[in-house]
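Participant: Take a look at run_10.cif, mmCIF, C-alpha atoms and all ligand atoms:
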```
data_protein
loop_
_atom_site.label_atom_id
_atom_site.label_comp_id
_atom_site.auth_asym_id
_atom_site.auth_seq_id
_atom_site.Cartn_x
_atom_site.Cartn_y
_atom_site.Cartn_z
CA MET A 1 5.56 46.88 -7.83
CA LYS A 2 1.95 45.95 -7.95
CA ASN A 3 2.51 43.63 -10.92
CA ILE A 4 5.47 41.91 -9.25
CA LEU A 5 3.35 41.09 -6.24
CA THR A 6 0.39 39.80 -8.23
CA ILE A 7 1.77 36.31 -8.83
CA PRO A 8 2.81 35.44 -5.25
CA VAL A 9 -0.35 37.00 -3.83
CA THR A 10 -2.49 35.03 -6.27
CA LEU A 11 -0.59 31.83 -5.46
CA ALA A 12 -0.93 32.38 -1.73
CA ALA A 13 -4.63 33.13 -2.06
CA GLY A 14 -5.09 30.00 -4.15
CA LEU A 15 -3.26 27.80 -1.67
CA LEU A 16 -5.20 29.26 1.24
CA THR A 17 -8.47 28.64 -0.58
CA ALA A 18 -7.42 25.06 -1.33
CA VAL A 19 -6.59 24.43 2.33
CA VAL A 20 -9.88 25.93 3.55
CA VAL A 21 -11.90 23.92 1.03
CA SER A 22 -9.96 20.78 1.96
CA LEU A 23 -10.62 21.40 5.66
CA LEU A 24 -14.32 21.74 4.97
CA LEU A 25 -14.57 18.75 2.65
CA PHE A 26 -12.10 16.28 4.08
CA GLY A 27 -11.44 17.35 7.65
CA THR A 28 -8.36 18.27 9.61
CA ALA A 29 -6.54 14.94 9.57
CA LYS A 30 -6.61 14.42 5.83
CA THR A 31 -5.78 18.05 5.10
CA THR A 32 -2.81 18.00 7.46
CA THR A 33 -1.62 14.77 5.92
CA THR A 34 -1.86 16.14 2.41
CA VAL A 35 -0.09 19.38 3.28
CA MET A 36 2.69 17.48 5.04
CA TYR A 37 2.93 15.09 2.13
CA MET A 38 3.27 17.98 -0.34
CA PHE A 39 5.78 19.73 1.88
CA ASN A 40 7.85 16.59 2.21
CA SER A 41 7.74 16.02 -1.54
CA ILE A 42 8.97 19.52 -2.28
CA PHE A 43 11.54 19.60 0.53
CA PRO A 44 12.66 15.99 0.97
CA GLY A 45 14.26 15.41 4.32
CA ALA A 46 13.01 18.69 5.73
CA ALA A 47 10.05 17.24 7.55
CA PRO A 48 10.45 14.74 10.36
CA GLU A 49 9.75 11.11 9.59
CA ARG A 50 6.36 9.62 10.26
CA THR A 51 4.43 12.75 9.50
CA TYR A 52 1.85 10.73 7.64
CA SER A 53 -1.29 10.00 9.50
CA ALA A 54 -3.65 7.15 8.93
CA ALA A 55 -5.64 9.39 6.65
CA ARG A 56 -3.23 8.57 3.84
CA PRO A 57 -4.53 5.07 3.34
CA GLU A 58 -1.39 3.56 1.89
CA ALA A 59 0.70 5.02 4.68
CA GLU A 60 3.20 2.76 6.32
CA ILE A 61 3.06 3.56 9.97
CA GLY A 62 5.26 1.32 11.92
CA GLN A 63 7.56 0.57 14.72
CA ALA A 64 10.81 1.31 12.97
CA SER A 65 12.65 -0.54 15.70
CA VAL A 66 11.67 -3.86 14.19
CA LEU A 67 11.78 -2.73 10.61
CA GLY A 68 15.24 -1.33 10.17
CA ASP A 69 17.63 -1.67 7.31
CA SER A 70 19.97 -4.35 8.53
CA ASP A 71 19.73 -7.89 9.78
CA SER A 72 20.52 -6.73 13.29
CA SER A 73 17.36 -4.67 13.27
CA PHE A 74 15.43 -7.90 13.44
CA ALA A 75 17.05 -8.74 16.77
CA ASP A 76 14.01 -7.79 18.77
CA PHE A 77 11.54 -9.19 16.30
CA LYS A 78 9.97 -12.47 17.24
CA ILE A 79 8.85 -14.77 14.48
CA PRO A 80 5.11 -14.93 14.90
CA GLN A 81 3.22 -18.06 15.48
CA VAL A 82 2.51 -19.16 11.96
CA ARG A 83 -1.13 -19.67 11.27
CA GLU A 84 -2.08 -22.29 8.78
CA VAL A 85 -3.68 -21.04 5.62
CA ALA A 86 -7.37 -20.78 6.25
CA PHE A 87 -8.97 -20.20 2.91
CA HIS A 88 -12.66 -19.68 2.85
CA LYS A 89 -14.39 -22.58 1.23
CA LYS A 90 -16.59 -20.49 -1.00
CA PRO A 91 -15.05 -18.94 -4.11
CA SER A 92 -13.58 -15.46 -3.80
CA PRO A 93 -13.70 -12.73 -6.44
CA LEU A 94 -9.97 -11.96 -6.21
CA ILE A 95 -6.91 -14.14 -6.03
CA VAL A 96 -4.27 -13.95 -3.31
CA PRO A 97 -1.73 -11.54 -4.86
CA THR A 98 1.51 -12.93 -3.48
CA ASP A 99 3.05 -15.49 -1.17
CA GLY A 100 4.24 -14.62 2.29
CA ILE A 101 3.23 -13.91 5.85
CA ALA A 102 1.46 -11.14 7.73
CA ALA A 103 4.26 -10.94 10.23
CA HIS A 104 3.63 -7.92 12.40
CA LYS A 105 0.56 -6.54 14.14
CA ASN A 106 1.20 -2.97 12.97
CA PHE A 107 0.93 -4.01 9.35
CA LEU A 108 -2.29 -5.93 9.40
CA TYR A 109 -5.35 -4.44 7.79
CA ASP A 110 -6.89 -1.73 9.94
CA PRO A 111 -9.36 0.78 8.51
CA VAL A 112 -7.85 3.60 10.59
CA SER A 113 -4.14 2.97 10.93
CA HIS A 114 -3.18 0.79 7.97
CA GLY A 115 -5.46 0.49 4.97
CA GLY A 116 -4.08 -2.77 3.64
CA VAL A 117 -2.24 -5.86 4.69
CA ASP A 118 1.52 -6.18 4.40
CA ILE A 119 2.57 -9.58 3.13
CA TRP A 120 6.25 -10.23 3.85
CA THR A 121 8.55 -12.36 1.78
CA ASN A 122 11.13 -12.46 4.51
CA VAL A 123 11.16 -13.01 8.18
CA ASN A 124 14.54 -12.36 9.77
CA GLY A 125 15.96 -11.52 6.36
CA LYS A 126 15.38 -14.95 4.87
CA GLY A 127 13.57 -15.91 1.72
CA LEU A 128 15.02 -13.34 -0.67
CA GLU A 129 16.71 -13.95 -3.97
CA ALA A 130 20.44 -14.18 -3.36
CA GLY A 131 22.08 -10.77 -3.10
CA SER A 132 18.83 -9.00 -3.77
CA SER A 133 15.94 -7.31 -2.05
CA ARG A 134 13.59 -8.91 -4.52
CA GLY A 135 11.00 -11.17 -3.00
CA TYR A 136 8.11 -13.28 -4.14
CA LEU A 137 6.22 -12.64 -7.33
CA VAL A 138 3.19 -10.36 -7.29
CA TYR A 139 0.12 -11.22 -9.34
CA ALA A 140 -2.82 -9.07 -10.36
CA ALA A 141 -5.64 -9.96 -8.01
CA CYS A 142 -8.27 -8.86 -10.50
CA THR A 143 -8.63 -8.07 -14.16
CA GLY A 144 -8.51 -4.35 -14.70
CA THR A 145 -6.60 -1.26 -15.77
CA VAL A 146 -3.55 0.39 -14.28
CA ILE A 147 -4.70 3.86 -13.25
CA ARG A 148 -1.71 5.13 -11.31
CA VAL A 149 2.02 4.54 -11.03
CA TYR A 150 3.87 6.33 -8.26
CA GLN A 151 7.55 5.69 -8.66
CA PRO A 152 9.01 6.95 -5.37
CA ASN A 153 7.10 4.23 -3.57
CA GLU A 154 7.00 1.90 -6.60
CA GLU A 155 3.29 1.58 -6.09
CA ILE A 156 0.60 0.99 -8.62
CA GLU A 157 -3.15 1.11 -8.54
CA ILE A 158 -5.30 -1.13 -10.65
CA LYS A 159 -8.97 -0.37 -11.07
CA CYS A 160 -10.71 -3.70 -11.25
CA ASP A 161 -13.34 -4.33 -13.85
CA ARG A 162 -16.64 -4.47 -11.99
CA LEU A 163 -16.68 -7.74 -10.10
CA PRO A 164 -19.35 -10.34 -10.98
CA GLU A 165 -22.78 -9.76 -9.46
CA GLU A 166 -22.69 -13.20 -7.85
CA PHE A 167 -20.33 -11.74 -5.23
CA ALA A 168 -22.59 -8.81 -4.36
CA SER A 169 -23.62 -10.32 -1.06
CA GLU A 170 -20.11 -11.49 -0.18
CA VAL A 171 -18.11 -8.27 -0.43
CA PRO A 172 -18.60 -4.62 0.59
CA SER A 173 -18.41 -3.39 -3.00
CA LEU A 174 -18.10 -4.69 -6.53
CA ASP A 175 -16.38 -1.49 -7.67
CA ILE A 176 -12.88 -1.42 -6.28
CA LYS A 177 -9.32 -0.46 -6.98
CA ILE A 178 -6.27 -2.18 -5.57
CA LEU A 179 -3.02 -0.67 -4.37
CA TYR A 180 0.17 -2.68 -4.66
CA ALA A 181 3.17 -0.93 -3.11
CA HIS A 182 6.92 -1.25 -2.56
CA MET A 183 7.85 -3.10 -5.77
CA GLY A 184 11.41 -1.82 -5.98
CA ASP A 185 14.80 -1.75 -4.26
CA ALA A 186 15.36 1.00 -1.71
CA VAL A 187 19.11 1.18 -2.33
CA THR A 188 19.74 0.35 -5.97
CA LYS A 189 16.44 1.93 -7.10
CA GLU A 190 15.88 -1.09 -9.31
CA ARG A 191 12.25 -1.35 -10.25
CA TYR A 192 10.50 -4.64 -9.72
CA HIS A 193 7.66 -3.92 -12.10
CA SER A 194 7.24 -2.31 -15.49
CA LEU A 195 3.62 -1.27 -15.43
CA TYR A 196 2.28 1.88 -17.01
CA VAL A 197 -0.91 3.87 -16.70
CA GLY A 198 -3.58 2.61 -19.05
CA GLN A 199 -2.17 -0.90 -19.22
CA ARG A 200 -4.67 -3.73 -19.06
CA VAL A 201 -3.87 -6.62 -16.77
CA SER A 202 -5.55 -9.95 -16.32
CA LYS A 203 -6.33 -11.64 -13.06
CA GLY A 204 -3.39 -13.90 -12.22
CA GLN A 205 -0.96 -12.07 -14.49
CA GLN A 206 2.49 -11.48 -13.02
CA VAL A 207 2.86 -7.76 -12.40
CA GLY A 208 6.10 -7.60 -10.42
CA TRP A 209 7.94 -8.70 -7.32
CA GLN A 210 7.85 -7.72 -3.69
CA GLY A 211 10.49 -5.16 -2.80
CA ASN A 212 11.68 -3.00 0.07
CA VAL A 213 11.45 0.55 -1.21
CA SER A 214 9.24 2.85 0.84
CA SER A 215 9.06 6.57 0.31
CA ILE A 216 6.70 6.83 3.22
CA ALA A 217 8.73 4.94 5.80
CA PRO A 218 12.24 4.79 4.29
CA VAL A 219 13.63 2.82 7.21
CA ASN A 220 11.21 0.03 6.50
CA ARG A 221 13.43 -2.35 4.55
CA VAL A 222 11.35 -5.43 4.94
CA THR A 223 10.66 -6.97 1.55
CA HIS A 224 6.91 -7.05 1.34
CA LEU A 225 3.82 -6.17 -0.62
CA HIS A 226 1.34 -3.65 0.69
CA PHE A 227 -2.01 -4.86 -0.62
CA GLY A 228 -4.91 -2.48 -0.15
CA ILE A 229 -8.44 -2.52 -1.52
CA TYR A 230 -10.49 0.65 -1.94
CA ASP A 231 -14.24 0.91 -2.32
CA LEU A 232 -14.87 3.16 -5.31
CA SER A 233 -18.62 3.19 -4.75
CA ARG A 234 -18.39 5.26 -1.58
CA SER A 235 -17.27 8.83 -1.14
CA GLY A 236 -13.76 9.12 0.13
CA ARG A 237 -13.01 5.75 -1.42
CA PRO A 238 -12.42 4.06 1.95
CA THR A 239 -10.30 0.97 2.30
CA VAL A 240 -12.05 -2.30 2.92
CA ASN A 241 -10.91 -5.47 4.61
CA PRO A 242 -9.35 -7.72 1.93
CA GLU A 243 -10.58 -10.87 3.66
CA SER A 244 -13.90 -11.24 1.88
CA TYR A 245 -12.20 -10.56 -1.45
CA ILE A 246 -9.32 -13.03 -1.24
CA GLY A 247 -10.70 -15.54 1.24
CA VAL A 248 -7.80 -15.21 3.67
CA PRO A 249 -7.83 -13.25 6.95
CA ALA A 250 -5.90 -9.97 6.77
CA THR A 251 -6.05 -9.17 10.47
CA VAL A 252 -4.15 -12.08 12.00
CA VAL A 253 -0.46 -12.01 12.91
CA GLY A 254 1.28 -15.05 11.46
CA GLN A 255 -1.27 -15.54 8.71
CA ILE A 256 0.26 -17.28 5.72
CA PHE A 257 -0.70 -16.22 2.22
CA LYS A 258 -0.36 -18.60 -0.67
CA THR A 259 -1.07 -17.90 -4.29
CA GLN A 260 -1.53 -21.58 -5.02
CA GLN A 261 -4.13 -23.41 -2.98
ZN ZN A 301 1.54 -1.46 4.36
#
```
Could you show the structure in this file as structure tokens?
Ligand SMILES: [Zn+2]

Facilitator:
Amino acid sequence: MKNILTIPVTLAAGLLTAVVVSLLLFGTAKTTTTVMYMFNSIFPGAAPERTYSAARPEAEIGQASVLGDSDSSFADFKIPQVREVAFHKKPSPLIVPTDGIAAHKNFLYDPVSHGGVDIWTNVNGKGLEAGSSRGYLVYAACTGTVIRVYQPNEEIEIKCDRLPEEFASEVPSLDIKILYAHMGDAVTKERYHSLYVGQRVSKGQQVGWQGNVSSIAPVNRVTHLHFGIYDLSRSGRPTVNPESYIGVPATVVGQIFKTQQ
């Protein structure tokens, strides 16, 4: 009897220790998020939607009412006032990764609630390839190495080679990684990229297409790219505002992004 109980007791003790250590190191919000994320991964559908807090930086936290899975779901969505492209005049270390528009206030860059900017291909369902959820091309914003591929969300992370010193005073950090998410089709499961861990990519190289798959907010069927930048030089690897890296504001509704200036 004692032997039979050893494994579950050891597992339980290990999990408890992990939770306590996580609480001490990372705080309540991040620990809760991680536990919920693990729970939801093991028991898909068991947990209620939107259990992810802002602590998961790539989380898509949105108003599902404007981001549903059919054209009618856009009924209450107003096309934002389009803001002309306002590139900074000075050179930027990264390129704009895709074309599109930052169309909704909930999906702008915010260090607490949304750690990247969502760049939409489509507004009111327009702009897609015919009969497809595939949107505009996505380009590597920096030269670097693919360090993570997470298929359920069709997201990849690319660790940039250390950015040139000349930008040291322009950006928060020269050591960054970039998250590109949602490069796949939510329904057909078609993948819109073919990247693998360890792959080298060059700045400007095509790495995929915008898509509408989201394992985090499955009802979000807007074809878009989530573009997030993480500072690897600081503990916790916080997100940083992409603006100083790409030369385009990431906190303005209606902001247009263009890969060609
Ligand atoms: Zn996003």

Participant: Taking only C-alpha atoms and all ligand atoms into account, which residues are within 6 Å of ligand ZN 301 (chain A), as JSON, numbers by chain?

Facilitator: {"A": [60, 107, 116, 117, 118, 226]}

Participant: Could you jot down the atom CA of A:Gly100 to atom CA of A:Val207 separation for me, Å, one decimal place?

Facilitator: 16.3 Å

Participant: Write out as JSON lines the residues of stretch 108-179 of chain A that have any atom within 10 Å of an atom of stretch 211-215 of chain A, one row each with the nearest atom pair and its distance in Å to one decimal, counting all atoms listed in the file, sorted by chain and then rising number.

Facilitator:
```
{"residue": "A:Trp120", "atom": "CA", "partner": "A:Gly211", "partner_atom": "CA", "distance": 9.4}
{"residue": "A:Thr121", "atom": "CA", "partner": "A:Gly211", "partner_atom": "CA", "distance": 8.8}
{"residue": "A:Leu128", "atom": "CA", "partner": "A:Gly211", "partner_atom": "CA", "distance": 9.6}
{"residue": "A:Ser132", "atom": "CA", "partner": "A:Gly211", "partner_atom": "CA", "distance": 9.2}
{"residue": "A:Ser133", "atom": "CA", "partner": "A:Gly211", "partner_atom": "CA", "distance": 5.9}
{"residue": "A:Arg134", "atom": "CA", "partner": "A:Gly211", "partner_atom": "CA", "distance": 5.2}
{"residue": "A:Gly135", "atom": "CA", "partner": "A:Gly211", "partner_atom": "CA", "distance": 6.0}
{"residue": "A:Tyr136", "atom": "CA", "partner": "A:Gly211", "partner_atom": "CA", "distance": 8.6}
{"residue": "A:Leu137", "atom": "CA", "partner": "A:Gly211", "partner_atom": "CA", "distance": 9.7}
{"residue": "A:Gln151", "atom": "CA", "partner": "A:Ser215", "partner_atom": "CA", "distance": 9.1}
{"residue": "A:Pro152", "atom": "CA", "partner": "A:Ser215", "partner_atom": "CA", "distance": 5.7}
{"residue": "A:Asn153", "atom": "CA", "partner": "A:Ser215", "partner_atom": "CA", "distance": 4.9}
{"residue": "A:Glu154", "atom": "CA", "partner": "A:Val213", "partner_atom": "CA", "distance": 7.1}
{"residue": "A:Glu155", "atom": "CA", "partner": "A:Ser214", "partner_atom": "CA", "distance": 9.2}
```

Participant: Can I get the selected residues back with C-alpha atoms, as an mmCIF file, keeping the file's coordinate frame?

Facilitator:
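Below is the file that was written, again_6.cif:
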```
data_model
loop_
_atom_site.group_PDB
_atom_site.id
_atom_site.type_symbol
_atom_site.label_atom_id
_atom_site.label_comp_id
_atom_site.auth_asym_id
_atom_site.auth_seq_id
_atom_site.Cartn_x
_atom_site.Cartn_y
_atom_site.Cartn_z
ATOM 1 C CA TRP A 120 6.250 -10.230 3.850
ATOM 2 C CA THR A 121 8.550 -12.360 1.780
ATOM 3 C CA LEU A 128 15.020 -13.340 -0.670
ATOM 4 C CA SER A 132 18.830 -9.000 -3.770
ATOM 5 C CA SER A 133 15.940 -7.310 -2.050
ATOM 6 C CA ARG A 134 13.590 -8.910 -4.520
ATOM 7 C CA GLY A 135 11.000 -11.170 -3.000
ATOM 8 C CA TYR A 136 8.110 -13.280 -4.140
ATOM 9 C CA LEU A 137 6.220 -12.640 -7.330
ATOM 10 C CA GLN A 151 7.550 5.690 -8.660
ATOM 11 C CA PRO A 152 9.010 6.950 -5.370
ATOM 12 C CA ASN A 153 7.100 4.230 -3.570
ATOM 13 C CA GLU A 154 7.000 1.900 -6.600
ATOM 14 C CA GLU A 155 3.290 1.580 -6.090
#
```

Participant: Between atom CA of A:Ser235 and atom CA of A:Val112, what is the distance in Å, rounded to a tenth?

Facilitator: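 Spanning atom CA of A:Ser235 to atom CA of A:Val112 is a straight-line distance of 15.9 Å.
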
Participant: Report, in Å with one decimal, the straight-line distance from atom CA of A:Gly254 to atom CA of A:His104.

Facilitator: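 Computed distance, atom CA of A:Gly254 to atom CA of A:His104, equals 7.6 Å.
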
Participant: Taking into account only C-alpha atoms, which residue in the set A:Ala13, A:Ala250, A:Ala141, A:Val187 is nearest to A:Ile119?

Facilitator: A:Ala250

Participant: Counting only C-alpha atoms, which of A:Lys105, A:His88, A:Arg221, A:His114 gets nearest to A:Asn241?

Facilitator: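 Among A:Lys105, A:His88, A:Arg221, A:His114, it is A:His114 that comes nearest to A:Asn241.
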
Participant: Of the candidates A:Ile147, A:Ala168, A:Val222, A:Val96, which shows the shortest atom-to-atom distance to A:Gly198, using only C-alpha atoms?

Facilitator: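 Between A:Ile147, A:Ala168, A:Val222, A:Val96, the residue approaching A:Gly198 most closely is A:Ile147.
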
Participant: With distances taken over all atoms listed in the file, which of A:Phe167, A:Tyr109, A:Tyr150, A:Tyr230 is nearest to A:Gln255?

Facilitator: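 Closest to A:Gln255 of all the choices is A:Tyr109.
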
Participant: Find the residue from A:Ser173, A:Thr17, A:Thr98, A:Thr145 that sits nearest to A:Val240; use all atoms listed in the file when measuring.

Facilitator: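 Closest to A:Val240 of all the choices is A:Ser173.
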